[in-house]
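Quick look at final.txt (compact mmCIF, C-alpha atoms):
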# COMPACT_ATOMS: atom_id res chain seq x y z
CA MET A 1 0.00 0.00 0.00
CA MET A 2 1.38 3.40 -0.99
CA LEU A 3 1.97 5.73 1.98
CA LEU A 4 4.06 8.64 0.63
CA GLU A 5 5.08 9.97 -2.76
CA ALA A 6 7.88 12.53 -3.02
CA LYS A 7 7.88 14.22 -6.42
CA ASP A 8 10.90 16.44 -7.25
CA LEU A 9 11.05 17.92 -3.76
CA GLY A 10 13.26 20.95 -3.18
CA VAL A 11 13.98 23.27 -0.25
CA MET A 12 15.85 26.57 -0.56
CA TYR A 13 16.87 29.59 1.50
CA GLU A 14 18.18 33.08 0.83
CA ARG A 15 21.78 33.80 1.79
CA GLY A 16 22.89 37.34 2.63
CA ARG A 17 19.46 38.95 2.45
CA ARG A 18 19.33 42.59 3.55
CA LEU A 19 16.73 45.34 3.82
CA PHE A 20 15.47 46.17 0.28
CA ARG A 21 17.90 43.66 -1.18
CA ARG A 22 17.27 40.07 -2.11
CA GLY A 23 19.82 37.50 -1.14
CA GLU A 24 21.39 34.71 -3.15
CA ILE A 25 19.19 31.63 -3.52
CA GLN A 26 20.78 28.48 -2.09
CA TRP A 27 19.22 25.05 -2.49
CA VAL A 28 19.42 22.72 0.50
CA PHE A 29 18.39 20.01 -1.95
CA HIS A 30 16.24 19.76 -5.06
CA GLY A 31 14.89 17.12 -7.42
CA VAL A 32 14.38 14.47 -4.73
CA SER A 33 11.85 11.82 -5.77
CA PHE A 34 10.90 8.46 -4.29
CA GLU A 35 7.90 6.41 -3.23
CA LEU A 36 7.33 4.88 0.18
CA GLU A 37 5.09 1.85 0.52
CA SER A 38 3.94 0.06 3.65
CA GLY A 39 6.79 -2.02 5.07
CA ASP A 40 9.58 -0.10 3.28
CA SER A 41 12.79 0.75 5.13
CA LEU A 42 14.62 3.64 3.46
CA GLY A 43 17.99 4.92 4.64
CA VAL A 44 19.10 8.47 3.78
CA ILE A 45 22.84 9.13 3.55
CA GLY A 46 25.06 12.04 2.55
CA GLY A 47 27.62 14.46 3.93
CA ASN A 48 27.05 17.20 6.49
CA GLY A 49 24.72 19.86 5.14
CA ALA A 50 23.34 17.64 2.40
CA GLY A 51 19.77 18.24 3.61
CA LYS A 52 18.99 14.87 5.21
CA SER A 53 17.38 16.29 8.35
CA THR A 54 15.54 18.92 6.32
CA LEU A 55 14.09 16.18 4.13
CA LEU A 56 12.74 14.38 7.22
CA ARG A 57 11.06 17.59 8.40
CA VAL A 58 9.38 17.89 5.01
CA LEU A 59 8.18 14.28 5.20
CA ALA A 60 6.86 14.92 8.72
CA GLY A 61 4.89 17.95 7.53
CA ILE A 62 6.83 20.35 9.77
CA ILE A 63 8.01 22.47 6.84
CA GLU A 64 6.81 22.73 3.25
CA SER A 65 9.01 22.17 0.25
CA ASP A 66 9.70 25.12 -2.05
CA GLU A 67 9.27 23.00 -5.16
CA GLY A 68 7.80 19.65 -6.01
CA GLU A 69 4.98 17.84 -4.26
CA LEU A 70 4.65 15.53 -1.26
CA VAL A 71 1.60 13.26 -1.35
CA ASN A 72 0.67 11.64 1.97
CA HIS A 73 -1.96 8.92 1.61
CA GLY A 74 -3.28 9.28 5.17
CA ALA A 75 -0.16 7.99 6.97
CA ARG A 76 0.68 9.10 10.52
CA THR A 77 4.35 10.06 10.75
CA ALA A 78 6.53 10.25 13.87
CA LEU A 79 9.80 12.20 13.70
CA MET A 80 12.48 11.07 16.14
CA SER A 81 15.12 13.77 16.34
CA LEU A 82 17.47 15.25 18.92
CA ALA A 83 16.72 18.72 17.57
CA GLY A 84 13.22 19.14 18.96
CA GLY A 85 9.78 17.74 19.48
CA TYR A 86 9.62 18.57 23.19
CA TYR A 87 8.08 21.10 25.53
CA PRO A 88 11.14 21.74 27.76
CA GLU A 89 9.22 23.08 30.75
CA LEU A 90 6.98 20.00 30.94
CA SER A 91 7.85 16.60 32.34
CA GLY A 92 8.73 13.58 30.26
CA ARG A 93 5.37 12.06 31.15
CA ASP A 94 3.46 15.13 29.93
CA ASN A 95 5.56 15.21 26.75
CA ILE A 96 4.57 11.62 26.04
CA VAL A 97 0.89 12.57 26.18
CA LEU A 98 1.20 15.78 24.15
CA GLY A 99 3.51 14.22 21.58
CA GLY A 100 1.20 11.25 21.14
CA VAL A 101 -1.85 13.48 20.66
CA LEU A 102 0.03 15.53 18.05
CA LEU A 103 0.74 12.28 16.20
CA GLY A 104 -3.01 11.69 15.97
CA PHE A 105 -3.55 9.31 18.87
CA THR A 106 -6.22 9.89 21.51
CA GLU A 107 -5.16 10.69 25.06
CA ALA A 108 -6.64 7.37 26.17
CA GLU A 109 -4.54 5.50 23.58
CA VAL A 110 -1.37 7.26 24.72
CA ARG A 111 -2.04 6.62 28.40
CA GLY A 112 -2.72 2.98 27.58
CA HIS A 113 0.90 2.73 26.36
CA MET A 114 2.35 5.02 29.04
CA GLN A 115 4.01 2.42 31.26
CA GLU A 116 5.34 0.55 28.22
CA ILE A 117 6.97 3.76 26.96
CA ILE A 118 8.43 4.64 30.37
CA ASP A 119 9.82 1.14 30.88
CA PHE A 120 11.51 1.08 27.47
CA ALA A 121 13.01 4.57 27.92
CA GLU A 122 14.61 3.53 31.24
CA LEU A 123 14.35 7.06 32.61
CA GLY A 124 13.20 6.05 36.10
CA LYS A 125 12.21 8.98 38.32
CA HIS A 126 13.39 11.45 35.67
CA ILE A 127 10.16 10.80 33.76
CA ASP A 128 8.42 13.31 36.07
CA LYS A 129 11.14 15.97 35.78
CA PRO A 130 11.18 18.78 33.16
CA VAL A 131 12.67 17.72 29.83
CA SER A 132 14.89 20.82 30.04
CA THR A 133 16.91 18.90 32.65
CA TYR A 134 17.48 15.92 30.31
CA SER A 135 20.72 15.12 28.55
CA ALA A 136 20.75 14.53 24.78
CA GLY A 137 20.79 10.79 25.42
CA MET A 138 17.78 10.97 27.73
CA LYS A 139 15.82 13.01 25.17
CA ALA A 140 16.69 10.41 22.54
CA ARG A 141 15.40 7.64 24.82
CA LEU A 142 12.15 9.48 25.40
CA ASN A 143 11.62 10.30 21.73
CA PHE A 144 12.50 6.84 20.44
CA SER A 145 10.36 5.09 23.06
CA ARG A 146 7.33 7.31 22.49
CA ALA A 147 7.39 6.97 18.72
CA THR A 148 8.07 3.23 18.57
CA MET A 149 5.69 2.13 21.33
CA LEU A 150 2.81 4.16 19.82
CA GLN A 151 3.57 2.61 16.40
CA ALA A 152 2.91 5.42 13.96
CA ASP A 153 2.54 4.40 10.33
CA ILE A 154 5.95 5.84 9.40
CA LEU A 155 8.94 6.28 11.71
CA LEU A 156 11.27 9.10 10.63
CA ILE A 157 14.53 8.56 12.52
CA ASP A 158 17.17 11.31 12.56
CA GLU A 159 20.45 10.13 14.12
CA VAL A 160 18.68 9.09 17.33
CA LEU A 161 20.59 5.80 17.48
CA SER A 162 23.93 7.63 17.53
CA VAL A 163 23.65 8.79 21.14
CA GLY A 164 23.28 7.17 24.52
CA ASP A 165 24.99 4.19 26.06
CA ARG A 166 25.81 1.02 24.17
CA HIS A 167 23.13 -1.02 25.95
CA PHE A 168 20.32 1.31 24.86
CA ARG A 169 21.62 1.63 21.29
CA GLU A 170 21.70 -2.15 20.96
CA LYS A 171 18.18 -2.41 22.40
CA CYS A 172 16.90 0.20 19.93
CA GLU A 173 18.58 -1.50 16.97
CA ALA A 174 17.10 -4.85 18.01
CA LEU A 175 13.64 -3.27 18.23
CA MET A 176 14.08 -1.64 14.83
CA ARG A 177 15.02 -4.96 13.28
CA ASP A 178 11.91 -6.55 14.81
CA ARG A 179 9.68 -3.71 13.59
CA ILE A 180 11.15 -3.74 10.08
CA ALA A 181 10.65 -7.50 9.95
CA SER A 182 7.01 -6.96 10.97
CA ASP A 183 6.41 -4.41 8.17
CA GLN A 184 7.01 -1.17 10.10
CA THR A 185 7.73 1.61 7.59
CA VAL A 186 10.95 3.51 8.39
CA VAL A 187 12.96 6.40 6.95
CA TYR A 188 16.34 6.39 8.68
CA VAL A 189 18.92 9.21 8.50
CA SER A 190 22.37 8.33 9.76
CA HIS A 191 26.09 8.97 9.32
CA ASN A 192 26.61 5.34 10.29
CA GLU A 193 26.53 3.84 6.81
CA LYS A 194 26.99 0.32 8.20
CA SER A 195 23.73 0.55 10.14
CA VAL A 196 21.91 1.83 7.04
CA ALA A 197 23.17 -1.14 5.03
CA GLU A 198 22.16 -3.55 7.80
CA LEU A 199 18.78 -2.09 8.74
CA CYS A 200 17.36 -0.75 5.47
CA ASP A 201 16.19 -2.32 2.23
CA ARG A 202 16.83 0.81 0.13
CA ALA A 203 19.01 3.89 0.46
CA LEU A 204 18.75 7.44 -0.87
CA TRP A 205 22.04 9.31 -1.36
CA ILE A 206 21.79 13.12 -1.33
CA ASP A 207 24.88 14.98 -2.50
CA SER A 208 25.69 18.57 -3.49
CA GLY A 209 22.07 19.67 -3.22
CA GLY A 210 20.64 16.90 -5.37
CA MET A 211 19.68 13.24 -5.42
CA ARG A 212 22.78 11.24 -6.34
CA ALA A 213 21.37 7.72 -6.22
CA LEU A 214 18.47 5.58 -5.02
CA GLY A 215 18.50 1.78 -4.84
CA PRO A 216 19.32 -1.30 -2.74
CA ALA A 217 20.87 -0.14 0.54
CA LYS A 218 24.06 -2.18 0.39
CA GLU A 219 24.82 -1.10 -3.19
CA ILE A 220 24.20 2.60 -2.52
CA VAL A 221 26.27 2.54 0.67
CA GLU A 222 29.15 0.89 -1.20
CA GLN A 223 28.95 3.60 -3.90
CA TYR A 224 28.90 6.32 -1.25
CA LEU A 225 31.92 4.95 0.62
CA ALA A 226 33.84 4.44 -2.61
CA SER A 227 33.29 8.09 -3.55
Serialized structure, structure tokens:
Amino acid sequence: MMLLEAKDLGVMYERGRRLFRRGEIQWVFHGVSFELESGDSLGVIGGNGAGKSTLLRVLAGIIESDEGELVNHGARTALMSLAGGYYPELSGRDNIVLGGVLLGFTEAEVRGHMQEIIDFAELGKHIDKPVSTYSAGMKARLNFSRATMLQADILLIDEVLSVGDRHFREKCEALMRDRIASDQTVVYVSHNEKSVAELCDRALWIDSGGMRALGPAKEIVEQYLAS
């Protein structure tokens, strides 16, 4: 079943804009096209500044593309990122509820998974403290646990598995393998090309503002490393 269609997506910004003077147009990326069906696992690779995280924000509906079209066929998306998605002054518990409701779940559905999320995150008593007091690793635990336990249609994962202790990373990778095997749809951004090759069926390589290649994950990762 088709979930998402990305058609020549592009995002740009103006560099050096001043009062009464337009700046120079810079493309974060452009011409990115792919389809995402139920059960797909797509890895996104590329150098720093290639636009990988920006692409995930477009897929999540947080920002709009400046060109092209994104067609979402009714899929609920959950973005797991260290960059945001929290209300810092609220507790981890309250963020679970609010984040789940924003994903389209009812409060009752979220609370029904509350203990499962807390147990997986392994935050202990910190779950009732403000998220502003959390380390990057603790925020990653909360975000990953909330998104995976609530089982949105599409998981958009932005480098979340790169932080935290080894035990939690291994637990998350094991859960991802289980979910991918059970037809969870995933878009995974990472600088760890080995994990992309191991976890994903396909890979998208973004380079120099454009789409360099799209195909089987192992083949694309090999091309990327060889370049």
Between CA of Ile96 (chain A) and CA of Leu150 (chain A), measure the distance and give it in Å to one decimal.
-> 9.9 Å
Write out as a ChimeraX atom specification the residues lying within 9 Å of Ala197 (chain A), counting all atoms listed in the file and excluding same-chain residues fewer than 6 positions away.
-> /A:43,203,216-222
Could you tell me which of A:Trp27, A:Tyr188, A:Phe34, A:Phe120 comes closest to Leu3 (chain A) if we count only C-alpha atoms?
->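 Selected residue with least distance to Leu3 (chain A): A:Phe34.
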Hey, could you make a per-residue contact list for region 64-118 of chain A against region 132-138 of chain A with 9 Å as the cut-off, showing the nearest pair of atoms and its distance in Å to one decimal, counting all atoms listed in the file, sorted by chain and number, as a tab-separated table?
residue	atom	partner	partner_atom	distance
A:Leu82	CA	A:Ala136	CA	6.8
A:Tyr86	CA	A:Ser132	CA	8.9
A:Tyr87	CA	A:Ser132	CA	8.2
A:Pro88	CA	A:Ser132	CA	4.5
A:Glu89	CA	A:Ser132	CA	6.1
A:Leu90	CA	A:Ser132	CA	8.0
A:Ser91	CA	A:Ser132	CA	8.5
Those same residues, written as a PDB file, in the coordinates of the input with C-alpha atoms?
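Saved file again-v8.pdb follows:
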ATOM      1  CA  LEU A  82      17.470  15.250  18.920  1.00  0.00           C
ATOM      2  CA  TYR A  86       9.620  18.570  23.190  1.00  0.00           C
ATOM      3  CA  TYR A  87       8.080  21.100  25.530  1.00  0.00           C
ATOM      4  CA  PRO A  88      11.140  21.740  27.760  1.00  0.00           C
ATOM      5  CA  GLU A  89       9.220  23.080  30.750  1.00  0.00           C
ATOM      6  CA  LEU A  90       6.980  20.000  30.940  1.00  0.00           C
ATOM      7  CA  SER A  91       7.850  16.600  32.340  1.00  0.00           C
TER       8      SER A  91
END
Show which residues sit within 7 Å of Ala78 (chain A), as a ChimeraX atom specification. Count all atoms listed in the file, and ignore same-chain residues fewer than 3 positions away.
-> /A:60,103,147,152,154-156
